[in-house]
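Participant: Handing you this structure, nothing more for now.
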Amino acid sequence: MAHILVIGSGMAGLVAALRAARRHDVTIVTKDVLTAGSTAWAQGGIAAAVFPDDSAALHARDTLIAGAGLSDPAAVDVLCTEGPARVHDLVALGVAFDPAEGAVAPFDEVSDWARGLEAAHSVARVLHAGGDATGRVIETALAAAVREGRIRAREFARATSLIMRDGAIAGAVVEGPEGVAEVAADAVILATGGNGRLYRHTTNPPVSTGDGVILAYAAGAAIADLEFVQFHPTVLAGGGLVSEAVRGEGATLLDAEGRRFMLDVDPRAELAPRDIVARAIARQMRAQDGRPVLLDATMLGAAVLAERFPTIDALVRATGVDWAREPVPVTPAAHYAMGGALTDMDGRTTVPGLFAVGETGSTGVHGANRLASNSLLEALVVGWRAGDAVGAAGSVPALPLPALSDTGSTSTSTIQESPYGGELDTPVSLVREIAADALADGTVAWSADRIRDRAWEALGLERNGDEMADFARELEDARPADDEARSLLPLARLTAAAALTRTESRGAHWRDDFPDTDPAQRVRRVVVRPASDSPELWRSDARAEVSA
């Protein structure tokens, strides 16, 4: 029996832990309580082709189109083919999906489930639980299953570095209420969530600081696609996400004068892919001197809003707005990172014994732009597969890494071709880039807040090469001034470098100096830390300074 260490406790980490615990000894380390990650904040739902008029092929096609040419077609095939069975597995764990209007208890699986339509889906396939509390319902059920089993959970603890032995993972250094200790492990599964806290405006919880990505990078794992950050179009001006499902039910976007403007932007209007909607809102806000746009859900009525979206209804009303009677102001905010540690659909990274799942990993499923409500499905499918694949030290080979040359070199995609055929279904090449060590410290102290402010300005919805280059130069001589900056600083360096290198606009990455998509750049770029004697991230000589 091997010892498996899971770092993080969102949906992907808990699913991986539950599956691994069938054969192995499992410990979970998480920065807060077991249910504090991004999963519990997910409102929109989980997408899966479970209904008779839907299919895995149709779901895959929608995913590939949203991914703007960079989705790994075979990874998408795995997601959409295995997704329905995993959804039924959630039901077996106690998740109750919402019934359709008029359904009578006891409810039948699938036939009595309510169906939600979200942006860029060709059919209504999004399942919800607890109205707009899908993530919280799923996370609660998974946490209960973990607590009922023999899995150890160390809350309010974090991994500060990974332990390497003979080129493979051998555990992690964990800091918690009991102090700092080395925790030996045959394999480590990184499941720390995303990196939305890199930005001033985000829908992510405070724990989403990209720790897992930087832990992986520090240990020598390949990192991919960090230039692709999805910005959610509709966040309350005072904070709080308004799910895409609200627009799926019929809500519209209005400018400051009350005019519906998305019809002039895209024929799909409010249901266009998120990157299109978010940029349209940002441009409209600039045109009206920074004032938020308005989300009009008045046509749905108070009863539907309260029943279908209870969490959002409470959030909106807490701002003093009765959104059943008047539109509510909204703005975009950083929401989801498509990039992370390069993995296959088993969560394997390029370092032996190291896995990454959920938003920490980059399977290639989402490409340049994630399809709405695919994130929970990917966390479920990849977490499940990683938990099944993980094993004793040396038993699972690492993901192969492209060979490095002076100019970078290419390899085939992480898996193989898709069975669906067509232009979007050819494998996406990997290009390995040469880059400086993002963990090297300079002399100027940067606080986490300073990094966030500059990242929002330089790496936000609409980017410019000169602004990004200025930011990258500023970061060259930076060092972290506080604990949170120890993850955010290298993350900002890696993200800026990736965004500068991609001299085109594609999916969630848009540059006003390169506004067109370049077919020659249909590649996924990966970067690996230069050889280092130690994979440390946080160091004992850290000083908590705060810069202006």
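Ligands are numbered from 1 in the order shown, residues from 1 within each chain, and chains are lettered A, B, ... in the order they appear in the structure tokens.
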Can you list, as JSON, numbers by chain, every protein, DNA or RNA residue that comes within 8 Å of segment 117-127 of chain A when you count only C-alpha atoms, leaving out same-chain residues fewer than 4 positions away?

Facilitator: {"A": [44, 45, 46, 47, 48, 49, 50, 51, 54, 58, 59, 62, 66, 97, 98, 113, 244, 245, 247, 248, 249, 270, 271, 272, 273, 274, 371, 372, 373]}

Participant: When you look at Gly69 of chain A with a cut-off of 8 Å (counting only C-alpha atoms), what residues show up, excluding the ones that are within fewer than 5 positions of it in the same chain? I need them as a list of chain:residue names.

Facilitator: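 Listed by chain and then number, they are A:Leu64, A:Gly367, A:Ala368, A:Leu424, A:Arg522.
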
Participant: Considering only C-alpha atoms, can you say which of A:Leu5, A:Leu295, A:Ile65, A:Arg317 comes closest to Glu182 of chain A?

Facilitator: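 For Glu182 of chain A, the nearest of the given residues is A:Leu5.
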
Participant: So that I can check the secondary structure, give me every residue of segment 45-269 of chain A assigned helix (DSSP H, G or I) by backbone DSSP, as a VMD selection string.

Facilitator: chain A and resid 56 to 66 73 to 92 134 to 148 196 to 198 211 to 218 244 to 248 262 to 264 269

Participant: Could you tell me which of A:Gly339, A:Gly149, A:Gly67, A:Pro480 comes closest to Glu227 of chain A if we count only C-alpha atoms?

Facilitator: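 Of A:Gly339, A:Gly149, A:Gly67, A:Pro480, the one nearest Glu227 of chain A is A:Gly339, counting only C-alpha atoms.
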
Participant: Can you list, as an NGL selection string, every protein, DNA or RNA residue that comes within 7 Å of Val351 of chain A when you count only C-alpha atoms, leaving out same-chain residues fewer than 6 positions away?

Facilitator: :A and (168 or 220-221 or 398)

Participant: Write out as a PyMOL selection string all residues of segment 282-475 of chain A that backbone DSSP assigns to strand (DSSP E).

Facilitator: chain A and resi 293-296+328-337+340-342+354-356+361-362+410-411+429-433+444-446

Participant: Determine, counting only C-alpha atoms, which protein, DNA and RNA residues have an atom within 10 Å of an atom of Thr319 of chain A; residues of the same chain fewer than 2 positions away are not included. Present the result as a ChimeraX atom specification.

Facilitator: /A:236-239,314-317,321-322,328

Participant: Next, the residues of the selection above should be written as a short mmCIF file (atom, residue, chain, number, x, y, z; two decimals), in the first residue's frame with N, CA and C atoms.

Facilitator:
data_model
loop_
_atom_site.label_atom_id
_atom_site.label_comp_id
_atom_site.auth_asym_id
_atom_site.auth_seq_id
_atom_site.Cartn_x
_atom_site.Cartn_y
_atom_site.Cartn_z
N LEU A 236 -20.96 41.26 -9.85
CA LEU A 236 -21.56 42.45 -9.25
C LEU A 236 -20.49 43.51 -9.01
N ALA A 237 -20.84 44.74 -9.27
CA ALA A 237 -19.88 45.83 -9.14
C ALA A 237 -19.27 45.86 -7.73
N GLY A 238 -20.01 45.43 -6.74
CA GLY A 238 -19.49 45.39 -5.37
C GLY A 238 -18.90 44.06 -4.97
N GLY A 239 -18.82 43.10 -5.93
CA GLY A 239 -18.28 41.78 -5.65
C GLY A 239 -19.39 40.74 -5.61
N ALA A 314 -29.78 36.49 -3.10
CA ALA A 314 -29.38 37.08 -1.81
C ALA A 314 -28.23 38.06 -1.99
N LEU A 315 -27.25 37.72 -2.87
CA LEU A 315 -26.11 38.60 -3.11
C LEU A 315 -26.57 39.94 -3.70
N VAL A 316 -27.45 39.85 -4.71
CA VAL A 316 -27.90 41.07 -5.38
C VAL A 316 -28.71 41.93 -4.42
N ARG A 317 -29.62 41.32 -3.69
CA ARG A 317 -30.46 42.10 -2.78
C ARG A 317 -29.66 42.71 -1.65
N VAL A 321 -30.30 46.31 -4.44
CA VAL A 321 -31.00 46.31 -5.72
C VAL A 321 -32.04 45.20 -5.74
N ASP A 322 -33.27 45.53 -6.15
CA ASP A 322 -34.31 44.53 -6.38
C ASP A 322 -34.25 44.18 -7.86
N VAL A 328 -29.22 45.22 -12.73
CA VAL A 328 -28.17 45.28 -11.72
C VAL A 328 -26.82 45.56 -12.40
#

Participant: Between atom CA of Leu142 of chain A and atom CA of Asp388 of chain A, what is the distance, to one decimal in Å?

Facilitator: 16.5 Å

Participant: Which residues of segment 229-283 of chain A come within 12 Å of segment 457-478 of chain A, and for each one, what is the closest pair of atoms and their distance in Å to one decimal, counting only C-alpha atoms, sorted by chain and residue number, as a Markdown table?

Facilitator:
| residue | atom | partner | partner_atom | distance |
| --- | --- | --- | --- | --- |
| A:Val229 | CA | A:Gly460 | CA | 8.4 |
| A:Gln230 | CA | A:Leu461 | CA | 8.4 |
| A:Phe231 | CA | A:Leu461 | CA | 6.9 |
| A:His232 | CA | A:Leu461 | CA | 10.0 |
| A:Pro233 | CA | A:Leu461 | CA | 10.2 |
| A:Arg274 | CA | A:Leu461 | CA | 11.2 |
| A:Asp275 | CA | A:Leu461 | CA | 8.3 |
| A:Ile276 | CA | A:Leu461 | CA | 10.2 |
| A:Val277 | CA | A:Leu461 | CA | 10.9 |
| A:Ala278 | CA | A:Leu461 | CA | 7.6 |
| A:Arg279 | CA | A:Leu461 | CA | 6.4 |
| A:Ala280 | CA | A:Leu461 | CA | 10.1 |
| A:Ile281 | CA | A:Leu461 | CA | 10.2 |
| A:Ala282 | CA | A:Leu461 | CA | 7.7 |
| A:Arg283 | CA | A:Glu462 | CA | 9.3 |

Participant: Would you pick out the contacts of Val183 of chain A at 10 Å or less, using only C-alpha atoms, so that residues sharing its chain but fewer than 2 positions from it are not included, and give the list as a PyMOL selection string?

Facilitator: chain A and resi 3+5+27+159+162-163+170-174+180-181+185

Participant: Find, counting only C-alpha atoms, the residue in A:Pro332, A:Pro352, A:Gly258, A:Gly394 that gets nearest to Thr202 of chain A.

Facilitator: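 Smallest distance to Thr202 of chain A is found for A:Pro332.
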
Participant: Show me, as a list in words, the residues that have an atom within 7 Å of Leu215 of chain A when counting only C-alpha atoms, minus same-chain residues fewer than 4 positions from it.

Facilitator: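 Listing them by chain and then by number gives Ser161, Leu162, Asp211, Ala219 and Leu537 of chain A.
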
Participant: Can you pull out every residue within 9 Å of Ala337 of chain A, counting only C-alpha atoms, but drop anything in the same chain fewer than 6 positions away, and send it as a list of chain:residue names?

Facilitator: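 The contact residues come out as A:Gly194, A:Asn195, A:Gly196, A:Asp225, A:Leu226, A:Glu227, A:Phe228, A:Val229, A:Gln230, A:Phe231, A:Glu359, A:Thr360, A:Ser362, A:Arg370.
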
Participant: For the residues in the current selection, export N, CA, C and O atoms as a compact mmCIF listing (two decimals), in the first residue's frame.

Facilitator:
# COMPACT_ATOMS: atom_id res chain seq x y z
N GLY A 194 -7.06 27.35 -8.77
CA GLY A 194 -6.54 28.27 -9.76
C GLY A 194 -5.71 29.39 -9.20
O GLY A 194 -5.18 29.31 -8.08
N ASN A 195 -5.61 30.48 -9.97
CA ASN A 195 -4.73 31.59 -9.59
C ASN A 195 -5.41 32.94 -9.76
O ASN A 195 -4.75 33.94 -10.03
N GLY A 196 -6.72 32.97 -9.57
CA GLY A 196 -7.46 34.21 -9.76
C GLY A 196 -7.02 35.35 -8.87
O GLY A 196 -7.21 36.52 -9.21
N ASP A 225 0.31 27.08 -21.09
CA ASP A 225 -0.92 27.84 -21.38
C ASP A 225 -1.28 28.91 -20.35
O ASP A 225 -2.46 29.28 -20.24
N LEU A 226 -0.32 29.46 -19.62
CA LEU A 226 -0.66 30.44 -18.59
C LEU A 226 -1.18 31.76 -19.17
O LEU A 226 -1.76 32.56 -18.44
N GLU A 227 -1.00 31.98 -20.48
CA GLU A 227 -1.51 33.21 -21.07
C GLU A 227 -3.04 33.21 -21.15
O GLU A 227 -3.66 34.26 -21.32
N PHE A 228 -3.64 32.05 -21.01
CA PHE A 228 -5.09 31.95 -21.18
C PHE A 228 -5.81 32.00 -19.83
O PHE A 228 -5.84 31.02 -19.09
N VAL A 229 -6.37 33.14 -19.53
CA VAL A 229 -7.12 33.37 -18.30
C VAL A 229 -8.52 33.82 -18.69
O VAL A 229 -8.69 34.80 -19.42
N GLN A 230 -9.51 33.10 -18.22
CA GLN A 230 -10.88 33.45 -18.55
C GLN A 230 -11.42 34.46 -17.54
O GLN A 230 -11.27 34.29 -16.33
N PHE A 231 -12.02 35.51 -18.08
CA PHE A 231 -12.63 36.54 -17.24
C PHE A 231 -14.15 36.36 -17.31
O PHE A 231 -14.73 36.34 -18.39
N GLU A 359 -8.07 22.80 -11.64
CA GLU A 359 -7.53 24.01 -12.24
C GLU A 359 -6.02 24.12 -12.11
O GLU A 359 -5.39 24.91 -12.81
N THR A 360 -5.40 23.30 -11.26
CA THR A 360 -3.94 23.30 -11.12
C THR A 360 -3.28 22.69 -12.35
O THR A 360 -2.16 23.06 -12.70
N SER A 362 -3.16 21.42 -16.54
CA SER A 362 -3.55 21.88 -17.88
C SER A 362 -3.56 20.67 -18.79
O SER A 362 -2.53 20.25 -19.33
N ARG A 370 -12.33 28.16 -22.00
CA ARG A 370 -13.14 27.07 -21.43
C ARG A 370 -14.62 27.24 -21.77
O ARG A 370 -15.19 28.31 -21.65
